[in-house]
file work-v5.cif (mmCIF, C-alpha atoms)
data_model
loop_
_atom_site.label_atom_id
_atom_site.label_comp_id
_atom_site.auth_asym_id
_atom_site.auth_seq_id
_atom_site.Cartn_x
_atom_site.Cartn_y
_atom_site.Cartn_z
CA MET A 1 -29.15 -9.52 -17.08
CA GLU A 2 -25.56 -10.54 -17.74
CA GLU A 3 -24.98 -7.24 -19.52
CA GLU A 4 -26.22 -5.38 -16.43
CA SER A 5 -23.91 -7.43 -14.23
CA THR A 6 -20.88 -6.66 -16.46
CA LYS A 7 -21.80 -2.98 -16.44
CA LYS A 8 -21.88 -2.94 -12.64
CA LEU A 9 -18.58 -4.80 -12.48
CA ARG A 10 -16.94 -2.17 -14.68
CA ARG A 11 -18.48 0.62 -12.61
CA ALA A 12 -17.14 -1.00 -9.41
CA ALA A 13 -13.65 -1.16 -10.92
CA GLN A 14 -13.84 2.51 -11.91
CA LEU A 15 -14.96 3.53 -8.43
CA LEU A 16 -12.16 1.61 -6.74
CA PHE A 17 -9.31 2.33 -9.14
CA PHE A 18 -9.96 6.01 -9.82
CA LYS A 19 -9.84 8.48 -6.99
CA SER A 20 -13.14 10.27 -6.62
CA HIS A 21 -11.99 12.22 -3.55
CA ARG A 22 -8.76 13.73 -2.34
CA ASN A 23 -7.84 10.42 -0.72
CA PRO A 24 -7.92 7.03 -2.43
CA GLY A 25 -10.69 4.59 -1.68
CA ILE A 26 -14.42 4.86 -1.41
CA LYS A 27 -16.85 4.39 1.47
CA GLY A 28 -19.21 1.41 1.65
CA TRP A 29 -22.32 3.58 1.56
CA GLU A 30 -21.05 5.27 -1.61
CA LEU A 31 -20.54 1.89 -3.29
CA ARG A 32 -24.01 0.83 -2.21
CA LYS A 33 -25.47 4.02 -3.67
CA ALA A 34 -23.65 3.54 -6.98
CA LEU A 35 -23.96 -0.25 -7.39
CA GLY A 36 -27.10 -1.14 -5.45
CA GLN A 37 -27.96 -3.24 -2.41
CA ASP A 38 -25.97 -6.26 -3.62
CA TYR A 39 -22.73 -4.31 -4.03
CA THR A 40 -20.77 -6.81 -1.94
CA LYS A 41 -21.65 -9.58 -4.43
CA ILE A 42 -20.36 -7.42 -7.30
CA LEU A 43 -17.19 -6.69 -5.35
CA LYS A 44 -16.66 -10.41 -4.70
CA LYS A 45 -16.79 -11.01 -8.49
CA LEU A 46 -14.40 -8.12 -9.07
CA GLU A 47 -12.04 -9.50 -6.45
CA GLU A 48 -11.92 -12.87 -8.24
CA LYS A 49 -10.85 -11.09 -11.41
CA ILE A 50 -8.25 -8.78 -9.88
CA ASN A 51 -6.79 -11.57 -7.71
CA GLU A 52 -5.42 -13.06 -10.93
CA LEU A 53 -3.48 -9.81 -11.40
CA GLY A 54 -2.04 -9.90 -7.87
CA LEU A 55 -4.47 -7.31 -6.54
CA THR A 56 -7.06 -7.46 -3.79
CA ILE A 57 -9.88 -5.39 -2.31
CA LYS A 58 -9.00 -4.12 1.14
CA ILE A 59 -11.62 -2.84 3.55
CA VAL A 60 -10.55 -0.69 6.47
CA SER A 61 -12.69 0.83 9.24
CA ASP A 62 -12.14 4.38 10.50
CA SER A 63 -10.26 2.99 13.49
CA GLY A 64 -7.90 1.05 11.19
CA GLU A 65 -9.35 -2.48 11.58
CA LEU A 66 -9.36 -4.72 8.53
CA ARG A 67 -12.79 -5.99 7.45
CA THR A 68 -14.01 -8.51 4.89
CA LEU A 69 -16.80 -8.52 2.32
CA SER A 70 -18.67 -11.03 4.50
CA ASP A 71 -19.08 -8.51 7.33
CA PRO A 72 -22.59 -7.07 7.90
CA HIS A 73 -23.68 -4.09 5.78
CA GLU A 74 -23.96 -1.85 8.84
CA VAL A 75 -20.28 -2.46 9.60
CA LEU A 76 -19.13 -2.04 5.98
CA SER A 77 -21.16 1.10 5.39
CA ASN A 78 -18.61 3.45 6.97
CA CYS A 79 -15.51 1.45 6.02
CA ARG A 80 -13.18 2.59 3.24
CA PHE A 81 -12.66 0.25 0.29
CA PHE A 82 -9.35 0.20 -1.60
CA ILE A 83 -7.60 -1.91 -4.15
CA SER A 84 -4.15 -2.92 -3.00
CA ILE A 85 -1.29 -5.13 -4.07
CA ASN A 86 -1.62 -8.71 -2.83
CA ASP A 87 1.98 -9.92 -2.88
CA PRO A 88 5.02 -8.50 -1.09
CA LEU A 89 7.19 -6.10 -3.06
CA THR A 90 10.92 -6.40 -3.54
CA ILE A 91 13.66 -3.84 -2.98
CA THR A 92 13.92 -3.40 -6.76
CA ASP A 93 10.23 -2.40 -6.84
CA LEU A 94 11.22 0.62 -4.77
CA ARG A 95 12.47 2.36 -7.91
CA THR A 96 8.94 2.59 -9.24
CA SER A 97 7.29 3.39 -5.91
CA GLY A 98 8.52 6.98 -5.75
CA TRP A 99 10.24 6.41 -2.38
CA SER A 100 13.98 6.11 -1.77
CA ILE A 101 15.54 3.43 0.44
CA ASP A 102 16.38 6.08 3.09
CA GLU A 103 12.81 7.30 3.16
CA ILE A 104 11.40 3.78 3.51
CA ALA A 105 13.89 2.93 6.30
CA GLY A 106 13.02 6.18 8.09
CA LEU A 107 9.32 5.39 7.87
CA THR A 108 9.96 1.93 9.32
CA VAL A 109 11.80 3.52 12.26
CA CYS A 110 8.91 5.94 12.87
CA ILE A 111 6.23 3.22 12.68
CA ALA A 112 8.20 0.87 14.97
CA THR A 113 8.85 3.63 17.51
CA ILE A 114 5.19 4.69 17.58
CA ILE A 115 4.08 1.06 18.08
CA SER A 116 6.53 0.60 20.96
CA LYS A 117 5.21 3.80 22.58
CA GLU A 118 1.68 2.40 22.62
CA GLY A 119 0.48 4.31 19.58
CA LYS A 120 1.85 7.82 20.02
CA THR A 121 5.08 9.69 20.46
CA THR A 122 6.43 13.21 20.11
CA ARG A 123 7.92 14.76 16.98
CA GLN A 124 11.14 15.48 18.90
CA GLU A 125 11.56 11.82 19.83
CA LEU A 126 11.09 10.68 16.23
CA GLU A 127 13.50 13.36 14.99
CA GLN A 128 16.04 12.26 17.56
CA ILE A 129 15.90 8.57 16.62
CA LEU A 130 15.93 9.35 12.87
CA SER A 131 18.96 11.61 13.43
CA GLN A 132 20.92 8.56 14.63
CA LYS A 133 20.99 7.31 11.03
CA LEU A 134 20.23 10.39 8.93
CA PRO A 135 21.25 14.07 8.95
CA LYS A 136 19.02 16.21 11.21
CA TRP A 137 17.68 18.36 8.34
CA LYS A 138 16.65 15.20 6.49
CA ALA A 139 14.91 13.77 9.56
CA THR A 140 12.76 16.91 9.89
CA ARG A 141 11.93 16.91 6.17
CA LEU A 142 11.08 13.20 6.16
CA LEU A 143 8.66 13.53 9.08
CA SER A 144 6.76 16.25 7.20
CA LYS A 145 6.72 14.04 4.09
CA TYR A 146 5.30 11.04 6.00
CA ILE A 147 2.59 13.22 7.51
CA LYS A 148 1.73 14.76 4.14
CA ALA A 149 1.50 11.31 2.54
CA GLY A 150 -0.85 10.08 5.28
CA TYR A 151 1.52 7.47 6.74
CA LEU A 152 1.80 9.45 9.99
CA ASP A 153 -0.61 11.88 11.54
CA GLU A 154 -0.23 14.78 13.94
CA LYS A 155 -2.72 14.74 16.81
CA GLU A 156 -2.25 17.74 19.11
CA ASP A 157 1.27 17.35 20.52
CA TYR A 158 1.80 13.77 19.34
CA ILE A 159 2.58 11.86 16.17
CA VAL A 160 0.41 8.78 15.61
CA LEU A 161 0.08 6.22 12.81
CA GLY A 162 -1.76 7.67 9.84
CA TRP A 163 -4.68 6.15 7.90
CA ARG A 164 -2.33 4.95 5.17
CA THR A 165 -0.12 2.94 7.51
CA LYS A 166 -3.21 1.33 9.02
CA SER A 167 -4.49 0.48 5.53
CA GLU A 168 -1.30 -0.55 3.78
CA VAL A 169 1.13 -1.94 6.34
CA ASP A 170 1.04 -5.28 8.14
CA LEU A 171 2.22 -4.03 11.54
CA GLU A 172 2.81 -7.45 13.09
CA ASN A 173 4.95 -8.43 10.14
CA ILE A 174 7.06 -5.30 10.25
CA ILE A 175 7.86 -5.89 13.95
CA ARG A 176 8.76 -9.52 13.25
CA TYR A 177 11.17 -8.43 10.52
CA ILE A 178 12.88 -5.84 12.68
CA PHE A 179 13.51 -8.40 15.41
CA SER A 180 14.44 -11.21 13.02
CA MET B 1 -19.74 10.67 69.49
CA LEU B 2 -21.77 9.51 66.48
CA SER B 3 -21.13 12.85 64.82
CA ASN B 4 -17.35 12.44 65.32
CA LYS B 5 -17.42 8.93 63.88
CA LYS B 6 -19.34 10.20 60.86
CA THR B 7 -16.76 12.89 60.30
CA THR B 8 -13.89 10.41 60.51
CA ASN B 9 -15.66 8.04 58.12
CA GLU B 10 -16.39 10.83 55.68
CA LYS B 11 -12.78 12.02 55.81
CA GLU B 12 -11.53 8.48 55.16
CA ILE B 13 -13.82 8.12 52.13
CA GLN B 14 -12.73 11.52 50.80
CA LYS B 15 -9.09 10.54 51.24
CA LEU B 16 -9.69 7.30 49.36
CA ILE B 17 -11.44 9.16 46.51
CA GLU B 18 -8.48 11.56 46.27
CA GLU B 19 -6.01 8.64 46.14
CA LEU B 20 -8.01 6.99 43.37
CA ASP B 21 -8.25 10.27 41.44
CA ASN B 22 -4.50 10.60 41.74
CA ILE B 23 -3.99 7.13 40.24
CA ILE B 24 -6.39 7.92 37.35
CA SER B 25 -4.71 11.23 36.52
CA LYS B 26 -1.16 9.83 36.59
CA LYS B 27 -1.92 6.72 34.48
CA GLU B 28 1.69 5.61 34.85
CA ASN B 29 2.58 2.01 35.65
CA ILE B 30 -1.09 1.29 36.20
CA LEU B 31 -0.39 -2.46 36.13
CA GLU B 32 1.81 -2.17 39.21
CA ILE B 33 -0.91 -0.62 41.37
CA ASN B 34 -2.35 -3.01 43.94
CA LEU B 35 -6.06 -2.39 44.32
CA ASP B 36 -6.77 -5.16 46.88
CA GLU B 37 -6.03 -2.94 49.87
CA LYS B 38 -8.18 -0.11 48.51
CA ILE B 39 -11.11 -2.45 47.80
CA ARG B 40 -10.84 -3.87 51.36
CA LYS B 41 -10.76 -0.39 52.83
CA LEU B 42 -13.78 0.70 50.80
CA ALA B 43 -15.71 -2.39 51.93
CA GLU B 44 -15.01 -1.46 55.57
CA LEU B 45 -16.00 2.16 55.02
CA LEU B 46 -19.17 1.15 53.19
CA SER B 47 -20.25 -1.21 55.98
CA SER B 48 -19.74 1.50 58.61
CA SER B 49 -21.49 4.20 56.57
CA ASN B 50 -24.73 5.40 58.14
CA SER B 51 -25.79 8.43 56.15
CA LEU B 52 -26.95 8.73 52.58
CA GLU B 53 -24.11 11.15 51.88
CA GLU B 54 -21.49 8.62 53.02
CA ILE B 55 -23.03 5.87 50.88
CA ASN B 56 -23.13 8.30 47.96
CA ASN B 57 -19.42 9.06 48.44
CA CYS B 58 -18.67 5.33 48.60
CA SER B 59 -20.41 4.89 45.23
CA GLU B 60 -18.16 7.67 43.86
CA ALA B 61 -15.14 5.68 45.04
CA ILE B 62 -16.55 2.50 43.43
CA GLN B 63 -16.92 4.38 40.13
CA ARG B 64 -13.25 5.42 40.28
CA LEU B 65 -12.20 1.87 41.11
CA ALA B 66 -14.12 0.68 38.04
CA VAL B 67 -12.26 3.24 35.88
CA ILE B 68 -8.89 2.02 37.21
CA ILE B 69 -9.81 -1.64 36.62
CA PHE B 70 -10.87 -0.74 33.07
CA GLU B 71 -7.54 1.03 32.47
CA LYS B 72 -5.65 -1.95 33.92
CA THR B 73 -7.54 -4.31 31.62
CA LYS B 74 -6.68 -2.12 28.62
CA ALA B 75 -3.01 -1.95 29.59
CA LEU B 76 -2.88 -5.73 30.17
CA LYS B 77 -4.52 -6.41 26.79
CA ASN B 78 -2.03 -4.13 25.06
CA ARG B 79 0.96 -5.67 26.82
CA SER B 80 -0.15 -9.22 26.06
CA GLY B 81 -0.71 -8.41 22.37
CA ILE B 82 1.88 -9.20 19.71
CA LEU B 83 2.37 -5.48 19.08
CA TYR B 84 3.59 -4.82 22.62
CA ILE B 85 7.32 -4.27 22.54
CA ASP B 86 9.42 -2.68 25.21
CA PRO B 87 10.42 0.78 23.88
CA PHE B 88 14.02 0.25 24.97
CA LEU B 89 14.28 -3.09 23.14
CA MET B 90 12.74 -1.51 20.06
CA LYS B 91 15.28 1.32 20.16
CA LEU B 92 18.10 -1.21 20.40
CA ALA B 93 16.69 -3.22 17.49
CA ILE B 94 16.40 -0.09 15.35
CA LEU B 95 19.90 1.10 16.17
CA GLY B 96 21.26 -2.39 15.48
CA SER B 97 19.63 -2.58 12.04
CA ASN B 98 21.05 -1.12 8.87
CA ILE B 99 19.04 0.89 6.36
CA GLU B 100 18.67 -2.12 4.03
CA LYS B 101 17.20 -4.30 6.78
CA LEU B 102 14.78 -1.59 7.90
CA SER B 103 13.57 -0.90 4.37
CA LYS B 104 13.21 -4.63 3.68
CA ALA B 105 11.03 -4.95 6.80
CA PHE B 106 8.73 -2.29 5.37
CA ILE B 107 8.73 -3.60 1.81
CA GLN B 108 7.80 -7.10 3.02
CA SER B 109 4.91 -5.71 5.05
CA TRP B 110 3.70 -3.11 2.58
CA ARG B 111 0.68 -3.62 0.36
CA PRO B 112 0.29 -0.19 -1.25
CA VAL B 113 -3.08 1.09 -2.31
CA VAL B 114 -3.58 1.15 -6.05
CA GLY B 115 -5.28 4.26 -7.35
CA ARG B 116 -5.22 6.68 -10.23
CA ASP B 117 -5.57 10.42 -10.07
CA VAL B 118 -8.22 11.52 -12.51
CA ILE B 119 -10.00 14.78 -13.04
CA ASN B 120 -13.39 14.38 -11.43
CA LEU B 121 -16.25 16.67 -10.45
CA PHE B 122 -14.92 17.00 -6.92
CA LEU B 123 -11.50 18.18 -8.08
CA LEU B 124 -13.03 20.45 -10.72
CA LYS B 125 -15.17 22.14 -8.06
CA ASP B 126 -12.09 22.69 -5.85
CA ALA B 127 -10.09 23.97 -8.80
CA MET B 128 -12.84 26.38 -9.82
CA THR B 129 -13.11 27.79 -6.30
CA TYR B 130 -9.34 28.18 -6.17
CA TRP B 131 -9.21 29.82 -9.60
CA ASN B 132 -11.87 32.32 -8.60
CA SER B 133 -10.06 33.15 -5.40
CA ILE B 134 -6.63 33.97 -6.87
CA THR B 135 -5.80 37.56 -7.72
CA LYS B 136 -4.87 38.75 -11.19
CA TYR B 137 -1.30 37.82 -12.06
CA SER B 138 1.00 40.76 -11.59
CA PHE B 139 4.63 41.49 -10.87
CA GLU B 140 3.80 42.47 -7.26
CA ALA B 141 2.10 39.16 -6.66
CA ARG B 142 5.40 37.38 -7.35
CA GLU B 143 7.21 39.32 -4.66
CA GLU B 144 8.03 37.63 -1.39
CA LYS B 145 5.07 37.30 0.97
CA THR B 146 5.65 39.95 3.59
CA ILE B 147 3.30 42.26 5.43
CA GLU B 148 4.95 45.25 3.68
CA ASN B 149 4.22 43.78 0.24
CA VAL B 150 0.62 42.95 1.09
CA SER B 151 0.07 46.43 2.53
CA LYS B 152 1.17 47.85 -0.85
CA ILE B 153 -1.66 46.10 -2.70
CA SER B 154 -4.39 46.04 -0.05
CA PHE B 155 -6.44 48.68 1.71
CA LEU B 156 -4.80 48.03 5.08
CA ASP B 157 -1.44 49.39 6.16
CA GLU B 158 1.19 47.35 8.01
CA ARG B 159 -0.13 48.48 11.39
CA GLY B 160 -3.67 47.49 10.40
CA ILE B 161 -2.60 43.99 9.40
CA ASN B 162 -0.73 43.53 12.68
CA GLU B 163 -3.88 44.54 14.56
CA GLU B 164 -5.94 42.06 12.54
CA ILE B 165 -3.42 39.31 13.31
CA GLU B 166 -3.56 40.14 17.02
CA GLU B 167 -7.35 40.18 16.96
CA MET B 168 -7.53 36.78 15.28
CA TYR B 169 -4.94 35.35 17.69
CA ASN B 170 -7.06 36.57 20.64
CA GLU B 171 -10.18 35.11 19.02
CA LEU B 172 -8.45 31.72 18.74
CA GLU B 173 -7.41 32.01 22.39
CA ARG B 174 -11.04 32.75 23.37
CA ARG B 175 -12.08 29.55 21.59
CA GLY B 176 -9.72 27.47 23.71
CA GLY B 177 -6.63 27.69 21.51
CA LYS B 178 -7.91 25.20 18.91
CA GLU B 179 -10.58 25.65 16.26
CA LEU B 180 -11.59 24.25 12.89
CA TYR B 181 -10.12 26.33 10.05
CA ASP B 182 -13.53 26.82 8.40
CA LYS B 183 -15.12 27.98 11.64
CA LEU B 184 -12.32 30.41 12.43
CA ILE B 185 -12.64 32.22 9.09
CA GLU B 186 -16.46 32.00 9.06
CA SER B 187 -17.87 35.39 8.02
CA LYS B 188 -21.04 37.04 6.73
CA ASN B 189 -19.71 37.47 3.21
CA LEU B 190 -17.04 35.92 0.96
CA SER B 191 -14.70 38.93 0.81
CA GLU B 192 -14.49 39.11 4.62
CA LYS B 193 -13.93 35.37 4.72
CA ILE B 194 -11.06 35.56 2.21
CA PHE B 195 -9.56 38.48 4.11
CA LYS B 196 -9.60 36.39 7.31
CA ALA B 197 -7.99 33.49 5.39
CA VAL B 198 -5.18 35.83 4.24
CA ILE B 199 -4.59 37.07 7.81
CA LEU B 200 -4.57 33.47 9.02
CA SER B 201 -2.03 32.51 6.34
CA PHE B 202 0.31 35.17 7.77
CA MET B 203 -0.19 33.79 11.26
CA ILE B 204 0.73 30.31 9.98
CA THR B 205 3.75 31.61 8.03
CA TYR B 206 5.07 33.52 11.03
CA GLY B 207 4.50 30.54 13.34
CA TYR B 208 1.88 32.12 15.63
CA VAL B 209 -0.42 29.19 14.95
CA GLY B 210 -0.01 25.62 13.72
CA ILE B 211 -2.12 23.46 11.45
CA ILE B 212 -3.31 19.93 12.16
CA ARG B 213 -4.85 18.03 9.27
CA GLU B 214 -7.16 15.03 9.47
CA PRO B 215 -7.20 13.75 5.87
CA LEU B 216 -9.77 11.00 6.44
CA LYS B 217 -12.28 13.37 8.05
CA GLY B 218 -11.33 16.22 5.73
CA LYS B 219 -10.80 18.54 8.70
CA VAL B 220 -8.17 21.22 9.19
CA TRP B 221 -7.56 22.51 12.73
CA VAL B 222 -5.82 25.73 13.69
CA VAL B 223 -3.88 25.49 16.94
CA LYS B 224 -2.46 28.42 18.90
CA LYS B 225 1.26 28.33 19.69
CA GLU B 226 2.57 29.82 22.90
CA LYS B 227 5.72 31.07 21.21
CA THR B 228 6.50 31.51 17.55
CA ILE B 229 8.41 28.59 16.06
CA GLU B 230 10.22 29.12 12.79
CA SER B 231 10.34 25.89 10.81
CA LYS B 232 13.64 25.10 9.12
CA ASN B 233 11.83 23.27 6.34
CA PRO B 234 8.53 25.06 5.91
CA GLU B 235 5.83 23.17 4.09
CA SER B 236 3.47 24.85 1.67
CA PHE B 237 -0.07 23.65 1.07
CA VAL B 238 -3.35 24.94 -0.30
CA ILE B 239 -6.53 25.23 1.75
CA VAL B 240 -9.57 25.88 -0.40
CA VAL B 241 -11.89 28.56 1.02
CA LYS B 242 -15.48 27.89 -0.01
#
call {"tool": "encode", "arguments": {"input": "work-v5.cif", "output": "structure tokens"}}
result
Amino acid sequence: MEEESTKKLRRAAQLLFFKSHRNPGIKGWELRKALGQDYTKILKKLEEKINELGLTIKIVSDSGELRTLSDPHEVLSNCRFFISINDPLTITDLRTSGWSIDEIAGLTVCIATIISKEGKTTRQELEQILSQKLPKWKATRLLSKYIKAGYLDEKEDYIVLGWRTKSEVDLENIIRYIFS
Amino acid sequence: MLSNKKTTNEKEIQKLIEELDNIISKKENILEINLDEKIRKLAELLSSSNSLEEINNCSEAIQRLAVIIFEKTKALKNRSGILYIDPFLMKLAILGSNIEKLSKAFIQSWRPVVGRDVINLFLLKDAMTYWNSITKYSFEAREEKTIENVSKISFLDERGINEEIEEMYNELERRGGKELYDKLIESKNLSEKIFKAVILSFMITYGYVGIIREPLKGKVWVVKKEKTIESKNPESFVIVVK
């Protein structure tokens, strides 16, 4: 019985750590299919273990709302489950993140501008505000990079927050920091 | 006399409906719109309505009022939330911050997703489809992607390719200017499908159409552009044709 439980715990870790699709994370229904009806119990055990390592399981709905393992199965079924870092990073951690300080600052500007424009703005507006701090060619290139990475998304004529910003960034916190 | 009154009443209701439609379509400064007067006017019109048609029109006006109230509620909720910030103030805050402060704001609020890229069945399937779709390596294939070069190695001449591009552009226009990539290249057989994908890649390269990706839904949309836009920093990406 215990052996079965350990096996499921390992399987849960594999499913969450290793990408099985193009995008990271796995849907609730997929976890249920792979781990069984009581998959949330297994995930709670896994969370206890990874918490010690400074990691956590994050659950995000399609609309970008954060959910918890205690939410009903019907709600969790279509949510995406990720493993993310629990503690804030430091500027020195940037070196290992693959992003430069300019790129991170530019992304902050884009996110803050989109939030202040009630969730959407034009590419031109973002390019214009980025160009105040960065060369124009870099602003254009950065916008494409943010979209490609999933932090921003292009919806018809507008740029909106991408799935990755909704999953990884504490928006209230970022606004507080900018105004602090 | 009664007939005249009916006409006046009907006109008033129609006018009110038009005003409400105007408010809904503009959606600007919806919080500043005072609905009290319009509700009072509608109440008067409803009480003096005698025919079924007039009452029906009044219900249309009520429906529009409900839409406006809903929009006002949404706007009020957004403005009262912690994430509501005046765009001007935000611009000032951004301009007043240095790059270090802005990046620190992000770093402190960022909890990146942890994940490893591994070769899995899904990726293998994609890779296999891609491998089968690429042409045999040759010197010509390394040449710059131009219509002239493609015409050298394909059965269509330059004129033929231009006609195909025009036809596909018109097809996209017929479908409302926006269509899913898969649906646009949908064909009876694979070779025709790949041919359409090649034509579409030219249209994208030359800026006749744009691409919108929805990574979470796994959808790729093709959007018609009114005029060709040449990107200064073109981005290259692979779309797997199944």
call {"tool": "residues_around", "arguments": {"input": "work-v5.cif", "residues": "A:Ile57", "least_positions_apart": "6", "cutoff": "8 Å", "atoms": "all atoms listed in the file", "output": "list of chain:residue names"}}
result
A:Glu47, A:Phe81, A:Phe82, A:Ile83, A:Ser84
call {"tool": "resolve_selection", "arguments": {"input": "work-v5.cif", "expression": "the PyMOL selection byres ((chain B) within 6 of (chain A))", "output": "short mmCIF file (atom, residue, chain, number, x, y, z; two decimals) with C-alpha atoms, keeping the file's coordinate frame"}}
result
data_model
loop_
_atom_site.label_atom_id
_atom_site.label_comp_id
_atom_site.auth_asym_id
_atom_site.auth_seq_id
_atom_site.Cartn_x
_atom_site.Cartn_y
_atom_site.Cartn_z
CA ILE B 85 7.32 -4.27 22.54
CA PRO B 87 10.42 0.78 23.88
CA ILE B 99 19.04 0.89 6.36
CA LEU B 102 14.78 -1.59 7.90
CA SER B 103 13.57 -0.90 4.37
CA ALA B 105 11.03 -4.95 6.80
CA PHE B 106 8.73 -2.29 5.37
CA ILE B 107 8.73 -3.60 1.81
CA GLN B 108 7.80 -7.10 3.02
CA SER B 109 4.91 -5.71 5.05
CA TRP B 110 3.70 -3.11 2.58
CA ARG B 111 0.68 -3.62 0.36
CA PRO B 112 0.29 -0.19 -1.25
CA VAL B 113 -3.08 1.09 -2.31
CA VAL B 114 -3.58 1.15 -6.05
CA GLY B 115 -5.28 4.26 -7.35
CA ARG B 116 -5.22 6.68 -10.23
CA ASP B 117 -5.57 10.42 -10.07
#
call {"tool": "residues_around", "arguments": {"input": "work-v5.cif", "residues": "A:Ser70", "least_positions_apart": "4", "cutoff": "10 Å", "atoms": "all atoms listed in the file", "output": "short mmCIF file (atom, residue, chain, number, x, y, z; two decimals) with C-alpha atoms, keeping the file's coordinate frame"}}
result
data_model
loop_
_atom_site.label_atom_id
_atom_site.label_comp_id
_atom_site.auth_asym_id
_atom_site.auth_seq_id
_atom_site.Cartn_x
_atom_site.Cartn_y
_atom_site.Cartn_z
CA THR A 40 -20.77 -6.81 -1.94
CA LYS A 41 -21.65 -9.58 -4.43
CA LYS A 44 -16.66 -10.41 -4.70
CA LEU A 76 -19.13 -2.04 5.98
#
call {"tool": "closest_residue", "arguments": {"input": "work-v5.cif", "among": "B:Glu186, B:Gly210, B:Glu166, B:Leu216", "to": "A:Ser61", "atoms": "only C-alpha atoms"}}
result
B:Leu216
call {"tool": "resolve_selection", "arguments": {"input": "work-v5.cif", "expression": "the PyMOL selection byres ((chain B and resi 173) around 12)", "output": "ChimeraX atom specification"}}
result
/B:166-172,174-179,184,208-209,222-226
call {"tool": "resolve_selection", "arguments": {"input": "work-v5.cif", "expression": "the PyMOL selection byres ((chain B and resi 48-52) around 12)", "output": "list of chain:residue names"}}
result
B:Leu2, B:Ser3, B:Lys5, B:Lys6, B:Thr7, B:Thr8, B:Asn9, B:Glu10, B:Lys11, B:Glu12, B:Ile13, B:Lys41, B:Leu42, B:Ala43, B:Glu44, B:Leu45, B:Leu46, B:Ser47, B:Glu53, B:Glu54, B:Ile55, B:Asn56, B:Asn57, B:Cys58, B:Ser59
call {"tool": "atom_distance", "arguments": {"input": "work-v5.cif", "atom1": "atom CA of B:Ile199", "atom2": "atom CA of B:Asn162"}}
result
9.0 Å
call {"tool": "atom_distance", "arguments": {"input": "work-v5.cif", "atom1": "atom CA of B:Ile212", "atom2": "atom CA of A:Lys166"}}
result
18.9 Å
call {"tool": "atom_distance", "arguments": {"input": "work-v5.cif", "atom1": "atom CA of B:Glu32", "atom2": "atom CA of A:Ser63"}}
result
28.9 Å
call {"tool": "residues_around", "arguments": {"input": "work-v5.cif", "residues": "A:Gln37", "least_positions_apart": "4", "cutoff": "12 Å", "atoms": "only C-alpha atoms", "output": "PyMOL selection string"}}
result
chain A and resi 8+28-33+41-43+73+77
